[in-house]
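Shown next: final30.cif, containing mmCIF, C-alpha atoms.
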```cif
data_target
#
loop_
_atom_site.label_atom_id
_atom_site.label_comp_id
_atom_site.auth_asym_id
_atom_site.auth_seq_id
_atom_site.Cartn_x
_atom_site.Cartn_y
_atom_site.Cartn_z
CA MET A 1 -21.34 -31.52 41.75
CA PRO A 2 -20.04 -31.11 38.16
CA THR A 3 -22.17 -32.18 35.23
CA TYR A 4 -20.63 -33.95 32.26
CA LYS A 5 -21.11 -30.76 30.22
CA GLU A 6 -19.11 -28.75 32.76
CA LEU A 7 -16.31 -31.32 32.66
CA ILE A 8 -16.21 -31.18 28.87
CA ASP A 9 -16.42 -27.37 28.78
CA LYS A 10 -13.54 -27.22 31.25
CA ALA A 11 -11.42 -29.39 28.91
CA LYS A 12 -12.19 -27.47 25.68
CA PRO A 13 -9.51 -24.79 26.30
CA GLU A 14 -6.93 -27.58 26.63
CA PHE A 15 -7.97 -29.04 23.27
CA GLU A 16 -7.78 -25.57 21.75
CA LYS A 17 -4.35 -24.99 23.28
CA SER A 18 -3.09 -28.24 21.74
CA PHE A 19 -4.47 -27.23 18.35
CA LYS A 20 -2.94 -23.73 18.54
CA PHE A 21 0.43 -25.26 19.47
CA LEU A 22 0.26 -27.48 16.37
CA GLU A 23 -0.69 -24.47 14.27
CA GLY A 24 2.38 -22.61 15.53
CA GLU A 25 4.66 -25.59 14.91
CA LEU A 26 3.40 -26.03 11.35
CA ALA A 27 3.87 -22.32 10.64
CA LYS A 28 7.60 -22.79 11.32
CA ILE A 29 7.90 -25.49 8.66
CA ARG A 30 9.25 -24.12 5.43
CA THR A 31 7.07 -24.48 2.38
CA SER A 32 7.49 -23.04 -1.10
CA ARG A 33 6.27 -19.70 0.31
CA ALA A 34 8.33 -17.42 2.48
CA SER A 35 6.84 -16.65 5.88
CA PRO A 36 8.13 -14.53 8.78
CA ALA A 37 7.32 -17.48 11.08
CA LEU A 38 10.26 -19.36 9.52
CA VAL A 39 12.80 -17.05 11.11
CA GLU A 40 11.11 -14.98 13.82
CA ASP A 41 12.03 -17.35 16.66
CA ILE A 42 15.69 -17.84 15.69
CA GLU A 43 17.82 -17.00 18.73
CA VAL A 44 20.38 -14.27 18.13
CA ASN A 45 23.32 -13.61 20.45
CA ALA A 46 23.67 -9.84 20.63
CA PHE A 47 25.56 -7.92 23.27
CA GLY A 48 25.93 -10.95 25.51
CA SER A 49 22.22 -11.74 25.60
CA LYS A 50 19.92 -13.97 23.57
CA PHE A 51 17.03 -12.42 21.68
CA SER A 52 14.53 -13.86 19.23
CA LEU A 53 14.92 -12.37 15.78
CA LYS A 54 11.49 -10.73 15.96
CA GLN A 55 12.75 -8.67 18.92
CA LEU A 56 15.63 -7.24 16.89
CA GLY A 57 13.94 -6.12 13.69
CA ALA A 58 10.99 -6.01 11.34
CA ILE A 59 10.46 -9.15 9.27
CA SER A 60 8.57 -9.03 5.98
CA THR A 61 8.05 -11.15 2.87
CA PRO A 62 8.07 -9.00 -0.29
CA SER A 63 7.84 -12.09 -2.53
CA ASN A 64 7.07 -15.82 -2.30
CA ASN A 65 10.73 -16.80 -2.02
CA GLN A 66 12.26 -13.92 -0.08
CA ILE A 67 12.29 -12.74 3.53
CA VAL A 68 13.54 -9.28 4.41
CA ILE A 69 14.78 -8.42 7.90
CA GLN A 70 15.22 -4.78 8.77
CA PRO A 71 17.05 -4.59 12.11
CA TRP A 72 16.08 -1.83 14.53
CA ASP A 73 19.80 -1.06 14.85
CA ILE A 74 22.52 -1.70 12.23
CA SER A 75 24.77 -3.20 14.93
CA TYR A 76 22.41 -6.21 14.94
CA ILE A 77 23.17 -7.12 11.32
CA GLU A 78 26.27 -9.24 11.98
CA PRO A 79 24.78 -11.26 14.90
CA ILE A 80 21.59 -11.83 12.89
CA GLU A 81 23.59 -13.07 9.89
CA LYS A 82 25.52 -15.45 12.12
CA ALA A 83 22.35 -16.81 13.77
CA ILE A 84 20.69 -17.42 10.39
CA ALA A 85 23.77 -19.22 9.09
CA GLN A 86 23.74 -21.50 12.17
CA SER A 87 19.98 -22.10 12.04
CA GLY A 88 20.21 -24.87 9.45
CA LEU A 89 17.38 -23.42 7.34
CA GLY A 90 19.53 -23.51 4.21
CA MET A 91 18.77 -19.95 3.13
CA SER A 92 21.30 -17.69 1.46
CA CYS A 93 21.72 -14.42 3.29
CA ALA A 94 22.67 -11.09 1.66
CA VAL A 95 23.14 -7.74 3.38
CA ASP A 96 21.84 -4.83 1.33
CA LYS A 97 22.64 -1.55 3.12
CA ASN A 98 20.56 -1.72 6.33
CA VAL A 99 18.49 -4.81 5.50
CA ILE A 100 19.14 -8.53 5.32
CA ARG A 101 17.61 -10.44 2.44
CA LEU A 102 17.05 -14.18 2.70
CA ASN A 103 16.37 -16.08 -0.49
CA LEU A 104 14.67 -19.44 -0.19
CA PRO A 105 15.93 -22.08 -2.60
CA MET A 106 13.41 -24.11 -4.55
CA LEU A 107 12.20 -27.20 -2.70
CA THR A 108 13.48 -30.53 -3.99
CA GLU A 109 11.15 -33.51 -4.27
CA GLU A 110 13.12 -35.32 -1.57
CA TYR A 111 12.78 -32.36 0.79
CA ARG A 112 9.04 -32.13 0.09
CA LEU A 113 8.63 -35.80 0.99
CA SER A 114 10.55 -35.36 4.24
CA LEU A 115 8.45 -32.29 5.10
CA GLY A 116 5.32 -34.35 4.47
CA LYS A 117 6.54 -36.91 6.99
CA ILE A 118 7.32 -34.18 9.52
CA LEU A 119 3.82 -32.71 9.07
CA ASN A 120 2.27 -36.12 9.69
CA GLU A 121 4.44 -36.68 12.80
CA LYS A 122 3.49 -33.32 14.30
CA ALA A 123 -0.21 -33.94 13.58
CA GLU A 124 0.03 -37.37 15.22
CA GLN A 125 1.69 -35.85 18.30
CA ALA A 126 -1.17 -33.34 18.62
CA LYS A 127 -3.72 -36.14 18.23
CA GLN A 128 -1.98 -38.16 20.96
CA VAL A 129 -2.15 -35.19 23.33
CA MET A 130 -5.85 -34.82 22.59
CA ARG A 131 -6.44 -38.55 23.13
CA ARG A 132 -4.80 -38.25 26.57
CA GLN A 133 -6.97 -35.22 27.34
CA ARG A 134 -10.06 -37.12 26.21
CA GLU A 135 -9.08 -40.07 28.43
CA ASP A 136 -8.65 -37.73 31.39
CA VAL A 137 -12.09 -36.17 30.93
CA TRP A 138 -13.68 -39.59 30.39
CA ASN A 139 -12.12 -40.82 33.66
CA LYS A 140 -13.57 -37.80 35.46
CA ILE A 141 -17.01 -38.48 33.98
CA GLN A 142 -16.83 -42.12 35.05
CA ALA A 143 -15.69 -41.12 38.53
CA ALA A 144 -18.62 -38.69 38.80
CA GLN A 145 -21.01 -41.47 37.81
CA LYS A 146 -19.49 -43.89 40.35
CA ALA A 147 -19.84 -41.22 43.04
CA LYS A 148 -23.51 -40.93 42.02
CA GLU A 149 -23.00 -37.29 41.01
CA ILE A 150 -24.33 -37.98 37.50
CA SER A 151 -26.59 -40.70 36.14
CA GLU A 152 -25.44 -43.55 33.94
CA ASP A 153 -27.37 -42.03 31.04
CA ASP A 154 -25.49 -38.75 31.54
CA LYS A 155 -22.22 -40.70 31.61
CA PHE A 156 -22.89 -42.07 28.12
CA ARG A 157 -24.21 -38.72 26.88
CA GLY A 158 -20.96 -37.23 28.18
CA LYS A 159 -18.94 -39.87 26.35
CA ASP A 160 -20.75 -39.10 23.07
CA GLU A 161 -20.45 -35.33 23.58
CA LEU A 162 -16.75 -35.65 24.41
CA GLN A 163 -16.16 -37.73 21.29
CA LYS A 164 -17.89 -35.07 19.16
CA VAL A 165 -15.53 -32.42 20.54
CA VAL A 166 -12.48 -34.60 19.88
CA ASP A 167 -13.70 -35.47 16.37
CA GLY A 168 -14.10 -31.76 15.63
CA TYR A 169 -10.50 -31.10 16.57
CA GLN A 170 -9.32 -34.15 14.61
CA GLU A 171 -10.99 -32.66 11.53
CA LYS A 172 -9.38 -29.27 12.17
CA ILE A 173 -5.98 -30.96 12.44
CA LYS A 174 -6.56 -32.88 9.23
CA ALA A 175 -7.58 -29.71 7.36
CA LEU A 176 -4.58 -27.80 8.70
CA VAL A 177 -2.13 -30.50 7.63
CA GLU A 178 -3.72 -30.78 4.18
CA LYS A 179 -3.49 -27.00 3.72
CA LYS A 180 0.18 -27.07 4.67
CA LYS A 181 0.87 -30.02 2.35
CA ASN A 182 -0.74 -28.08 -0.51
CA GLU A 183 1.71 -25.23 0.16
CA LEU A 184 4.60 -27.64 -0.46
CA VAL A 185 3.80 -27.80 -4.16
#
```

Using structure tokens, write down the structure that the file contains.
Amino acid sequence: MPTYKELIDKAKPEFEKSFKFLEGELAKIRTSRASPALVEDIEVNAFGSKFSLKQLGAISTPSNNQIVIQPWDISYIEPIEKAIAQSGLGMSCAVDKNVIRLNLPMLTEEYRLSLGKILNEKAEQAKQVMRRQREDVWNKIQAAQKAKEISEDDKFRGKDELQKVVDGYQEKIKALVEKKKNELV
């Protein structure tokens, strides 16, 4: 016989998973600062197989507008260059001996505005997932009350507790998006 607290505790990892997914998605969005997350998941065709860029070399950011990729093997340089050119990131790529240097162009105002819209869309998607998760837990709480497993008072305590959890994640999402928007400057 689950209590409302157990039902909510069981759902918390799902809320956290949704938040972590959003965090990962926002890390891939280019801001005015270079980040390895921008390129690490680019798929590279090398030797007839597909690899993520992070599997083929070390990725670092020596400055705010530059990413340096040092392939584990120099034979990866050409496939990596090709994958970056096809990625649509709009970065210029230069090979310097055994490393690949990517220079990020300055962000235009138009591009900043479009990134702001993308940030808001991704945040809204995460919020929708959390609303569905909240609805699912609320339905379980109501079903437990109908089955006389929990009292009506516990049902409403559960609803309030569940809303507090959701509100906490909504605030975390808001703070994350605001931080990312500030990086666009």

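Using only C-alpha atoms, the nearest neighbour of Pro62 in chain A within the list A:Ala143, A:Ala34, A:Ile100, A:Ala123 is A:Ala34.
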
Computed interatomic separation between CA of Asp167 in chain A and CA of Ala147 in chain A (Å): 28.0 Å

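Restricting the calculation to all atoms listed in the file, the smallest distance between Leu7 in chain A and any of A:Asp41, A:Asp153, A:Glu110, A:Glu161 is found for A:Glu161.
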
Resolved residues for the PyMOL selection byres ((chain A and resi 66-71) around 6) as a PyMOL selection string: chain A and resi 34+56-61+63-65+72-73+99-103

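You will find CA of Glu23 in chain A at 7.6 Å from CA of Leu176 in chain A.
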
Residue nearest Asn98 in chain A among A:Ser75, A:Ser114, A:Ser49, A:Gln125 (counting only C-alpha atoms): A:Ser75

Residue IDs satisfying the PyMOL selection byres ((chain A and resi 133) around 10), as a ChimeraX atom specification: /A:11-12,14-15,18,127-132,134-139,166

Counting only C-alpha atoms, note down every residue that has an atom within 8 Å of the point (2.7, -28.8, 15.0) (file coordinates), as a PDB file with C-alpha atoms, in the coordinates of the input.
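Contents of out23.pdb, freshly written:
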```pdb
ATOM      1  CA  PHE A  21       0.430 -25.260  19.470  1.00  0.00           C
ATOM      2  CA  LEU A  22       0.260 -27.480  16.370  1.00  0.00           C
ATOM      3  CA  GLU A  23      -0.690 -24.470  14.270  1.00  0.00           C
ATOM      4  CA  GLY A  24       2.380 -22.610  15.530  1.00  0.00           C
ATOM      5  CA  GLU A  25       4.660 -25.590  14.910  1.00  0.00           C
ATOM      6  CA  LEU A  26       3.400 -26.030  11.350  1.00  0.00           C
ATOM      7  CA  ALA A  27       3.870 -22.320  10.640  1.00  0.00           C
ATOM      8  CA  LEU A 119       3.820 -32.710   9.070  1.00  0.00           C
ATOM      9  CA  LYS A 122       3.490 -33.320  14.300  1.00  0.00           C
ATOM     10  CA  ALA A 123      -0.210 -33.940  13.580  1.00  0.00           C
ATOM     11  CA  GLN A 125       1.690 -35.850  18.300  1.00  0.00           C
ATOM     12  CA  ALA A 126      -1.170 -33.340  18.620  1.00  0.00           C
TER      13      ALA A 126
END
```

For range 51-68 of chain A, which lacks atoms in the input, supply N, CA and C atoms and format the output as a PDB file, in the coordinates of the input.
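Done, and the output landed in part14.pdb:
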```
ATOM      1  N   PHE A  51      18.285 -13.041  22.075  1.00  0.00           N
ATOM      2  CA  PHE A  51      17.030 -12.420  21.680  1.00  0.00           C
ATOM      3  C   PHE A  51      16.436 -13.244  20.541  1.00  0.00           C
ATOM      4  N   SER A  52      15.120 -13.254  20.429  1.00  0.00           N
ATOM      5  CA  SER A  52      14.530 -13.860  19.230  1.00  0.00           C
ATOM      6  C   SER A  52      14.650 -12.807  18.124  1.00  0.00           C
ATOM      7  N   LEU A  53      14.728 -13.273  16.910  1.00  0.00           N
ATOM      8  CA  LEU A  53      14.920 -12.370  15.780  1.00  0.00           C
ATOM      9  C   LEU A  53      13.824 -11.316  15.701  1.00  0.00           C
ATOM     10  N   LYS A  54      12.602 -11.697  16.049  1.00  0.00           N
ATOM     11  CA  LYS A  54      11.490 -10.730  15.960  1.00  0.00           C
ATOM     12  C   LYS A  54      11.653  -9.578  16.948  1.00  0.00           C
ATOM     13  N   GLN A  55      12.509  -9.750  17.967  1.00  0.00           N
ATOM     14  CA  GLN A  55      12.750  -8.670  18.920  1.00  0.00           C
ATOM     15  C   GLN A  55      13.784  -7.672  18.395  1.00  0.00           C
ATOM     16  N   LEU A  56      14.532  -8.072  17.366  1.00  0.00           N
ATOM     17  CA  LEU A  56      15.630  -7.240  16.890  1.00  0.00           C
ATOM     18  C   LEU A  56      15.347  -6.504  15.584  1.00  0.00           C
ATOM     19  N   GLY A  57      14.215  -6.797  14.950  1.00  0.00           N
ATOM     20  CA  GLY A  57      13.940  -6.120  13.690  1.00  0.00           C
ATOM     21  C   GLY A  57      12.585  -6.467  13.125  1.00  0.00           C
ATOM     22  N   ALA A  58      12.244  -5.756  12.058  1.00  0.00           N
ATOM     23  CA  ALA A  58      10.990  -6.010  11.340  1.00  0.00           C
ATOM     24  C   ALA A  58      11.245  -7.088  10.298  1.00  0.00           C
ATOM     25  N   ILE A  59      10.322  -8.037  10.209  1.00  0.00           N
ATOM     26  CA  ILE A  59      10.460  -9.150   9.270  1.00  0.00           C
ATOM     27  C   ILE A  59       9.301  -9.068   8.284  1.00  0.00           C
ATOM     28  N   SER A  60       9.626  -9.083   6.992  1.00  0.00           N
ATOM     29  CA  SER A  60       8.570  -9.030   5.980  1.00  0.00           C
ATOM     30  C   SER A  60       8.880 -10.010   4.845  1.00  0.00           C
ATOM     31  N   THR A  61       7.887 -10.251   4.016  1.00  0.00           N
ATOM     32  CA  THR A  61       8.050 -11.150   2.870  1.00  0.00           C
ATOM     33  C   THR A  61       7.570 -10.426   1.613  1.00  0.00           C
ATOM     34  N   PRO A  62       8.473  -9.746   0.910  1.00  0.00           N
ATOM     35  CA  PRO A  62       8.070  -9.000  -0.290  1.00  0.00           C
ATOM     36  C   PRO A  62       7.713  -9.907  -1.467  1.00  0.00           C
ATOM     37  N   SER A  63       8.186 -11.154  -1.458  1.00  0.00           N
ATOM     38  CA  SER A  63       7.840 -12.090  -2.530  1.00  0.00           C
ATOM     39  C   SER A  63       7.735 -13.498  -1.948  1.00  0.00           C
ATOM     40  N   ASN A  64       7.280 -14.444  -2.760  1.00  0.00           N
ATOM     41  CA  ASN A  64       7.070 -15.820  -2.300  1.00  0.00           C
ATOM     42  C   ASN A  64       8.348 -16.521  -1.847  1.00  0.00           C
ATOM     43  N   ASN A  65       9.498 -16.098  -2.371  1.00  0.00           N
ATOM     44  CA  ASN A  65      10.730 -16.800  -2.020  1.00  0.00           C
ATOM     45  C   ASN A  65      11.754 -15.902  -1.328  1.00  0.00           C
ATOM     46  N   GLN A  66      11.309 -14.819  -0.735  1.00  0.00           N
ATOM     47  CA  GLN A  66      12.260 -13.920  -0.080  1.00  0.00           C
ATOM     48  C   GLN A  66      11.705 -13.392   1.252  1.00  0.00           C
ATOM     49  N   ILE A  67      12.598 -13.332   2.233  1.00  0.00           N
ATOM     50  CA  ILE A  67      12.290 -12.740   3.530  1.00  0.00           C
ATOM     51  C   ILE A  67      13.247 -11.579   3.724  1.00  0.00           C
ATOM     52  N   VAL A  68      12.713 -10.459   4.161  1.00  0.00           N
ATOM     53  CA  VAL A  68      13.540  -9.280   4.410  1.00  0.00           C
ATOM     54  C   VAL A  68      13.487  -8.948   5.896  1.00  0.00           C
TER      55      VAL A  68
END
```
